[in-house]
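Trainee: Next comes data-v7.cif, mmCIF, C-alpha atoms:
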data_coords
loop_
_atom_site.label_atom_id
_atom_site.label_comp_id
_atom_site.auth_asym_id
_atom_site.auth_seq_id
_atom_site.Cartn_x
_atom_site.Cartn_y
_atom_site.Cartn_z
CA LEU K 9 71.62 48.00 161.60
CA SER K 10 72.66 48.82 165.16
CA ASP K 11 72.69 46.10 167.82
CA ALA K 12 69.47 47.44 169.30
CA GLU K 13 67.75 47.51 165.90
CA ARG K 14 69.00 44.01 165.14
CA GLU K 15 67.67 42.77 168.49
CA SER K 16 64.32 44.44 167.90
CA LEU K 17 64.04 42.99 164.37
CA SER K 18 64.91 39.54 165.66
CA ARG K 19 62.14 39.77 168.28
CA GLU K 20 59.70 40.94 165.62
CA LEU K 21 60.54 38.07 163.24
CA ARG K 22 60.14 35.54 166.07
CA SER K 23 56.81 36.99 167.10
CA ASP K 24 55.52 37.10 163.50
CA TYR K 25 56.61 33.53 162.88
CA GLN K 26 54.95 32.31 166.08
CA ASP K 27 51.72 33.98 165.03
CA ILE K 28 51.90 32.24 161.63
CA ILE K 29 52.57 28.85 163.25
CA LEU K 30 49.67 29.23 165.68
CA THR K 31 47.14 30.06 162.97
CA TYR K 32 48.58 28.01 160.09
CA PHE K 33 46.04 25.20 160.17
CA ARG K 34 43.00 27.40 160.70
CA GLN K 35 40.92 27.75 157.56
CA GLU K 36 39.92 31.34 158.14
CA SER K 37 43.38 32.71 158.84
CA ASP K 38 45.11 34.92 156.31
CA THR K 39 48.31 32.89 156.43
CA ASN K 40 49.56 33.59 152.94
CA HIS K 41 49.42 37.31 153.51
CA LYS K 42 51.16 36.96 156.88
CA ILE K 43 53.93 34.86 155.38
CA ASP K 44 54.40 37.41 152.60
CA ASP K 45 54.78 40.18 155.19
CA LEU K 46 57.27 38.19 157.26
CA VAL K 47 59.28 37.15 154.22
CA ASN K 48 59.43 40.76 153.05
CA LYS K 49 60.99 41.80 156.34
CA MET K 50 63.41 38.89 156.17
CA PHE K 51 64.36 39.70 152.61
CA PHE K 52 65.28 43.30 153.38
CA ALA K 53 67.23 42.20 156.44
CA ASP K 54 69.07 39.60 154.29
CA VAL K 55 68.05 36.83 156.72
CA SER K 56 69.60 33.44 155.94
CA VAL K 57 67.72 30.16 155.92
CA SER K 58 69.73 28.93 158.89
CA GLN K 59 68.33 31.86 160.89
CA VAL K 60 64.80 30.84 159.87
CA LEU K 61 65.55 27.25 160.89
CA GLU K 62 66.84 28.53 164.23
CA ILE K 63 63.66 30.53 164.87
CA HIS K 64 61.60 27.45 163.98
CA MET K 65 63.60 25.04 166.17
CA GLU K 66 63.50 27.37 169.19
CA LEU K 67 59.74 27.71 168.91
CA MET K 68 59.28 23.95 168.52
CA GLU K 69 61.40 23.31 171.64
CA ARG K 70 59.27 25.71 173.63
CA PHE K 71 56.08 24.06 172.38
CA ALA K 72 57.49 20.59 173.10
CA LYS K 73 58.22 21.53 176.71
CA LYS K 74 54.72 22.91 177.10
CA LEU K 75 53.08 19.79 175.60
CA LYS K 76 55.23 17.58 177.83
CA LEU K 77 54.17 19.48 180.95
CA GLU K 78 50.56 19.03 179.88
CA GLY K 79 51.18 15.33 179.28
CA ARG K 80 50.28 15.67 175.63
CA ASN K 81 51.85 14.02 172.60
CA GLU K 82 54.49 16.04 170.74
CA ASP K 83 53.77 14.45 167.34
CA ILE K 84 51.60 17.40 166.37
CA LEU K 85 54.73 19.54 166.18
CA LEU K 86 55.86 17.58 163.10
CA ASP K 87 52.96 19.13 161.18
CA TYR K 88 54.57 22.54 161.61
CA ARG K 89 57.33 21.44 159.26
CA LEU K 90 54.81 22.34 156.56
CA THR K 91 54.73 25.90 157.87
CA LEU K 92 58.52 25.97 157.80
CA ILE K 93 58.62 24.63 154.23
CA ASP K 94 56.03 27.21 153.17
CA THR K 95 58.00 30.06 154.77
CA ILE K 96 61.37 29.03 153.32
CA ALA K 97 59.74 28.48 149.93
CA HIS K 98 58.37 32.05 149.91
CA LEU K 99 61.73 33.46 151.03
CA CYS K 100 63.66 31.45 148.47
CA GLU K 101 61.40 32.73 145.68
CA MET K 102 62.04 36.34 146.74
CA TYR K 103 65.78 35.77 146.66
CA ARG K 104 65.60 33.91 143.33
CA ARG K 105 63.62 36.65 141.63
CA SER K 106 66.07 39.30 142.84
CA ILE K 107 69.03 37.85 140.99
CA PRO K 108 69.87 39.74 137.82
CA ARG K 109 69.85 37.25 134.94
CA GLU K 110 70.73 37.63 131.30
CA SER K 111 67.77 36.23 129.41
CA LEU B 21 67.40 25.42 126.76
CA SER B 22 65.66 23.43 124.04
CA ASP B 23 62.65 21.25 124.90
CA ALA B 24 64.80 18.12 124.72
CA GLU B 25 67.45 19.63 126.99
CA ARG B 26 64.81 20.80 129.43
CA GLU B 27 63.26 17.32 129.50
CA SER B 28 66.64 15.72 130.06
CA LEU B 29 67.51 18.15 132.86
CA SER B 30 64.16 17.53 134.52
CA ARG B 31 64.78 13.77 134.46
CA GLU B 32 68.25 14.29 135.90
CA LEU B 33 67.00 16.48 138.78
CA ARG B 34 64.29 13.92 139.62
CA SER B 35 66.77 11.06 139.60
CA ASP B 36 69.31 13.00 141.73
CA TYR B 37 66.63 13.96 144.23
CA GLN B 38 65.37 10.38 144.49
CA ASP B 39 68.91 9.21 145.19
CA ILE B 40 69.26 11.81 147.97
CA ILE B 41 65.92 10.81 149.51
CA LEU B 42 66.81 7.12 149.48
CA THR B 43 70.15 7.60 151.23
CA TYR B 44 69.29 10.62 153.41
CA PHE B 45 68.98 8.76 156.71
CA ARG B 46 72.00 6.51 156.22
CA GLN B 47 74.95 7.59 158.32
CA GLU B 48 77.59 6.71 155.78
CA SER B 49 76.05 8.50 152.81
CA ASP B 50 77.58 11.68 151.46
CA THR B 51 74.28 13.53 151.47
CA ASN B 52 75.56 17.04 151.92
CA HIS B 53 77.80 16.73 148.87
CA LYS B 54 74.96 15.23 146.83
CA ILE B 55 72.60 18.05 147.83
CA ASP B 56 75.24 20.63 146.90
CA ASP B 57 75.59 19.04 143.45
CA LEU B 58 71.84 18.94 142.89
CA VAL B 59 71.35 22.50 144.11
CA ASN B 60 74.12 23.71 141.82
CA LYS B 61 72.33 22.24 138.82
CA MET B 62 69.05 23.76 140.00
CA PHE B 63 70.65 27.14 140.52
CA PHE B 64 72.05 27.35 137.00
CA ALA B 65 68.72 26.21 135.57
CA ASP B 66 66.93 28.87 137.67
CA VAL B 67 64.64 26.23 139.17
CA SER B 68 61.87 27.61 141.39
CA VAL B 69 60.93 26.22 144.78
CA SER B 70 57.54 25.18 143.44
CA GLN B 71 59.35 22.92 140.95
CA VAL B 72 61.32 21.36 143.83
CA LEU B 73 58.07 20.85 145.76
CA GLU B 74 56.57 19.21 142.67
CA ILE B 75 59.50 16.80 142.35
CA HIS B 76 59.18 15.97 146.06
CA MET B 77 55.41 15.43 145.98
CA GLU B 78 55.57 13.21 142.89
CA LEU B 79 58.20 11.03 144.52
CA MET B 80 56.24 10.81 147.77
CA GLU B 81 53.10 9.76 145.87
CA ARG B 82 55.02 6.99 144.13
CA PHE B 83 56.47 5.80 147.44
CA ALA B 84 53.04 5.96 149.11
CA LYS B 85 51.54 3.73 146.42
CA LYS B 86 54.39 1.26 146.84
CA LEU B 87 54.06 1.16 150.64
CA LYS B 88 50.30 0.71 150.32
CA LEU B 89 50.74 -2.24 147.96
CA GLU B 90 53.14 -3.77 150.47
CA GLY B 91 50.65 -3.14 153.28
CA ARG B 92 53.11 -0.89 155.11
CA ASN B 93 52.48 2.34 156.99
CA GLU B 94 53.03 5.56 155.05
CA ASP B 95 54.03 7.62 158.11
CA ILE B 96 57.71 7.12 157.32
CA LEU B 97 57.25 9.42 154.31
CA LEU B 98 56.73 12.38 156.65
CA ASP B 99 60.39 12.09 157.68
CA TYR B 100 61.40 12.99 154.14
CA ARG B 101 60.10 16.50 154.76
CA LEU B 102 63.46 16.99 156.46
CA THR B 103 65.20 16.15 153.19
CA LEU B 104 62.98 18.64 151.40
CA ILE B 105 63.71 21.36 153.98
CA ASP B 106 67.43 20.65 153.69
CA THR B 107 67.32 20.86 149.88
CA ILE B 108 65.29 24.07 149.74
CA ALA B 109 67.51 25.59 152.45
CA HIS B 110 70.63 24.93 150.36
CA LEU B 111 68.98 26.31 147.22
CA CYS B 112 67.70 29.39 149.02
CA GLU B 113 71.19 30.15 150.33
CA MET B 114 72.63 29.95 146.81
CA TYR B 115 70.02 32.38 145.53
CA ARG B 116 70.48 34.69 148.52
CA ARG B 117 74.24 34.87 148.10
CA SER B 118 73.90 35.69 144.41
CA ILE B 119 72.02 38.91 144.97
CA PRO B 120 74.19 41.99 144.58
CA ARG B 121 73.92 44.04 147.77
CA GLU B 122 75.33 47.41 148.67
CA SER B 123 77.10 46.92 151.99
#
The structure given in the file should be rewritten as structure tokens.
Mentor:
Amino acid sequence: LSDAERESLSRELRSDYQDIILTYFRQESDTNHKIDDLVNKMFFADVSVSQVLEIHMELMERFAKKLKLEGRNEDILLDYRLTLIDTIAHLCEMYRRSIPRES
Amino acid sequence: LSDAERESLSRELRSDYQDIILTYFRQESDTNHKIDDLVNKMFFADVSVSQVLEIHMELMERFAKKLKLEGRNEDILLDYRLTLIDTIAHLCEMYRRSIPRES
């Protein structure tokens, strides 16, 4: 990937992840499908878990600042760890299943 | 693996993970090394993330019962999601690095 492509992919992953976070706890949202799509992109770009953690932490910091400005409690952000676990779990399974194994 | 071996491995993974959970927030503990050891075992046994989640949830349920009996708040258990994230992250990286890629 060129630098421009890498930058564009990075923006896309961040935007997708933010969308997943924002709709994660809504019953009607198609979260599983969205996570599958994101994880597919990550898989083909060979994204590491530390990059996923980075995306998550950056987003949480932004949300924390916003909640603080609004005088609201930041504890709600802890719930989004579930979204992170779910995302990493999907990604890990894609990587695991792609390893050639003698059976 | 035979059924007996599988059962023994499963017990070992559960016991290792419990040890990591119990020492995770202590400064002096060698957590990173312990997680590496556990994740190595999991990798060679081709353990899936859903199995790791299962081990985590079972342990949390046991702890929750214990805290309830002692009349203590269960909120502390949420902190252990960090341990889970850390463990899955390590495992995911092992799987990712084991995929043959054309570069």
Trainee: Kindly determine which residues of chain B lie within 6 Å of chain K, considering all atoms listed in the file, and give the answer as a PyMOL selection string.
Mentor: chain B and resi 69+109+112+115-116+119
Trainee: Given the file shown, determine the residues that the PyMOL selection byres ((chain K and resi 15-21) around 9) selects; report them as a VMD selection string.
Mentor: chain K and resid 10 to 14 22 to 26 46 49 to 50 53 63
Trainee: Least-squares superpose chain K on chain B across all ordered C-alpha pairs, then write out what you get as an mmCIF file with C-alpha atoms, in the frame of the given file.
Mentor:
data_model
loop_
_atom_site.group_PDB
_atom_site.id
_atom_site.type_symbol
_atom_site.label_atom_id
_atom_site.label_comp_id
_atom_site.auth_asym_id
_atom_site.auth_seq_id
_atom_site.Cartn_x
_atom_site.Cartn_y
_atom_site.Cartn_z
ATOM 1 C CA LEU K 9 67.400 25.423 126.779
ATOM 2 C CA SER K 10 65.644 23.418 124.073
ATOM 3 C CA ASP K 11 62.643 21.247 124.942
ATOM 4 C CA ALA K 12 64.782 18.125 124.751
ATOM 5 C CA GLU K 13 67.451 19.622 127.022
ATOM 6 C CA ARG K 14 64.789 20.803 129.454
ATOM 7 C CA GLU K 15 63.250 17.317 129.516
ATOM 8 C CA SER K 16 66.639 15.712 130.063
ATOM 9 C CA LEU K 17 67.513 18.146 132.883
ATOM 10 C CA SER K 18 64.165 17.519 134.534
ATOM 11 C CA ARG K 19 64.787 13.750 134.470
ATOM 12 C CA GLU K 20 68.259 14.283 135.904
ATOM 13 C CA LEU K 21 67.004 16.475 138.773
ATOM 14 C CA ARG K 22 64.308 13.909 139.620
ATOM 15 C CA SER K 23 66.793 11.067 139.598
ATOM 16 C CA ASP K 24 69.318 12.995 141.729
ATOM 17 C CA TYR K 25 66.645 13.962 144.226
ATOM 18 C CA GLN K 26 65.388 10.379 144.493
ATOM 19 C CA ASP K 27 68.918 9.204 145.190
ATOM 20 C CA ILE K 28 69.264 11.816 147.960
ATOM 21 C CA ILE K 29 65.924 10.812 149.510
ATOM 22 C CA LEU K 30 66.810 7.114 149.477
ATOM 23 C CA THR K 31 70.141 7.608 151.235
ATOM 24 C CA TYR K 32 69.280 10.615 153.423
ATOM 25 C CA PHE K 33 68.983 8.759 156.713
ATOM 26 C CA ARG K 34 72.005 6.528 156.208
ATOM 27 C CA GLN K 35 74.953 7.612 158.317
ATOM 28 C CA GLU K 36 77.603 6.735 155.781
ATOM 29 C CA SER K 37 76.051 8.502 152.813
ATOM 30 C CA ASP K 38 77.592 11.675 151.457
ATOM 31 C CA THR K 39 74.280 13.521 151.466
ATOM 32 C CA ASN K 40 75.586 17.032 151.916
ATOM 33 C CA HIS K 41 77.800 16.722 148.886
ATOM 34 C CA LYS K 42 74.953 15.245 146.832
ATOM 35 C CA ILE K 43 72.609 18.048 147.821
ATOM 36 C CA ASP K 44 75.252 20.623 146.904
ATOM 37 C CA ASP K 45 75.602 19.048 143.450
ATOM 38 C CA LEU K 46 71.845 18.951 142.884
ATOM 39 C CA VAL K 47 71.360 22.505 144.108
ATOM 40 C CA ASN K 48 74.133 23.705 141.807
ATOM 41 C CA LYS K 49 72.327 22.253 138.812
ATOM 42 C CA MET K 50 69.059 23.769 139.985
ATOM 43 C CA PHE K 51 70.651 27.147 140.523
ATOM 44 C CA PHE K 52 72.050 27.358 137.001
ATOM 45 C CA ALA K 53 68.736 26.209 135.562
ATOM 46 C CA ASP K 54 66.938 28.883 137.656
ATOM 47 C CA VAL K 55 64.651 26.210 139.155
ATOM 48 C CA SER K 56 61.887 27.605 141.372
ATOM 49 C CA VAL K 57 60.932 26.222 144.759
ATOM 50 C CA SER K 58 57.540 25.172 143.431
ATOM 51 C CA GLN K 59 59.351 22.915 140.948
ATOM 52 C CA VAL K 60 61.318 21.367 143.824
ATOM 53 C CA LEU K 61 58.079 20.861 145.759
ATOM 54 C CA GLU K 62 56.569 19.212 142.683
ATOM 55 C CA ILE K 63 59.496 16.796 142.347
ATOM 56 C CA HIS K 64 59.183 15.974 146.055
ATOM 57 C CA MET K 65 55.399 15.446 145.983
ATOM 58 C CA GLU K 66 55.559 13.209 142.896
ATOM 59 C CA LEU K 67 58.199 11.027 144.509
ATOM 60 C CA MET K 68 56.241 10.811 147.768
ATOM 61 C CA GLU K 69 53.091 9.752 145.871
ATOM 62 C CA ARG K 70 55.011 7.002 144.136
ATOM 63 C CA PHE K 71 56.473 5.812 147.439
ATOM 64 C CA ALA K 72 53.047 5.966 149.110
ATOM 65 C CA LYS K 73 51.534 3.731 146.433
ATOM 66 C CA LYS K 74 54.374 1.265 146.831
ATOM 67 C CA LEU K 75 54.061 1.177 150.648
ATOM 68 C CA LYS K 76 50.296 0.725 150.335
ATOM 69 C CA LEU K 77 50.718 -2.229 147.978
ATOM 70 C CA GLU K 78 53.124 -3.757 150.479
ATOM 71 C CA GLY K 79 50.644 -3.115 153.285
ATOM 72 C CA ARG K 80 53.103 -0.884 155.081
ATOM 73 C CA ASN K 81 52.489 2.344 156.970
ATOM 74 C CA GLU K 82 53.042 5.578 155.036
ATOM 75 C CA ASP K 83 54.033 7.622 158.110
ATOM 76 C CA ILE K 84 57.703 7.140 157.302
ATOM 77 C CA LEU K 85 57.261 9.420 154.299
ATOM 78 C CA LEU K 86 56.738 12.386 156.652
ATOM 79 C CA ASP K 87 60.393 12.080 157.678
ATOM 80 C CA TYR K 88 61.406 12.984 154.133
ATOM 81 C CA ARG K 89 60.106 16.489 154.745
ATOM 82 C CA LEU K 90 63.472 16.985 156.440
ATOM 83 C CA THR K 91 65.203 16.139 153.172
ATOM 84 C CA LEU K 92 62.971 18.632 151.389
ATOM 85 C CA ILE K 93 63.703 21.346 153.967
ATOM 86 C CA ASP K 94 67.432 20.642 153.677
ATOM 87 C CA THR K 95 67.324 20.851 149.868
ATOM 88 C CA ILE K 96 65.280 24.064 149.739
ATOM 89 C CA ALA K 97 67.490 25.575 152.437
ATOM 90 C CA HIS K 98 70.631 24.917 150.357
ATOM 91 C CA LEU K 99 68.972 26.302 147.217
ATOM 92 C CA CYS K 100 67.689 29.382 149.003
ATOM 93 C CA GLU K 101 71.182 30.136 150.328
ATOM 94 C CA MET K 102 72.624 29.947 146.799
ATOM 95 C CA TYR K 103 70.015 32.377 145.532
ATOM 96 C CA ARG K 104 70.471 34.698 148.530
ATOM 97 C CA ARG K 105 74.228 34.884 148.121
ATOM 98 C CA SER K 106 73.880 35.688 144.417
ATOM 99 C CA ILE K 107 72.000 38.919 144.978
ATOM 100 C CA PRO K 108 74.173 41.990 144.568
ATOM 101 C CA ARG K 109 73.918 44.034 147.770
ATOM 102 C CA GLU K 110 75.314 47.403 148.704
ATOM 103 C CA SER K 111 77.093 46.864 151.996
#
Trainee: So which residues touch Ile43 in chain K within 7 Å, counting only C-alpha atoms, skipping near sequence neighbours fewer than 4 positions away, as a ChimeraX atom specification?
Mentor: /K:39,47,95
Trainee: For each of K:Ile28, K:Gln59, K:Phe33, K:Asn48, take the minimum atom-to-atom distance to Ile84 in chain K, counting all atoms listed in the file, then give the residue where this is smallest.
Mentor: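 Among the listed residues, K:Phe33 lies closest to Ile84 in chain K.
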Trainee: Work out how far apart CA of Phe83 in chain B and CA of Asp83 in chain K are and give it in Å to one decimal.
Mentor: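 It comes out at 21.9 Å.
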Trainee: For CA of Leu85 in chain K and CA of Glu66 in chain K, determine how far apart the two atoms are, in Å to one decimal place.
Mentor: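 So the answer is 12.1 Å.
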Trainee: Using CA of Asp50 in chain B and CA of Met77 in chain B as the two end points, give the distance in Å to one decimal.
Mentor: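 We find that CA of Asp50 in chain B and CA of Met77 in chain B lie 23.1 Å from each other.
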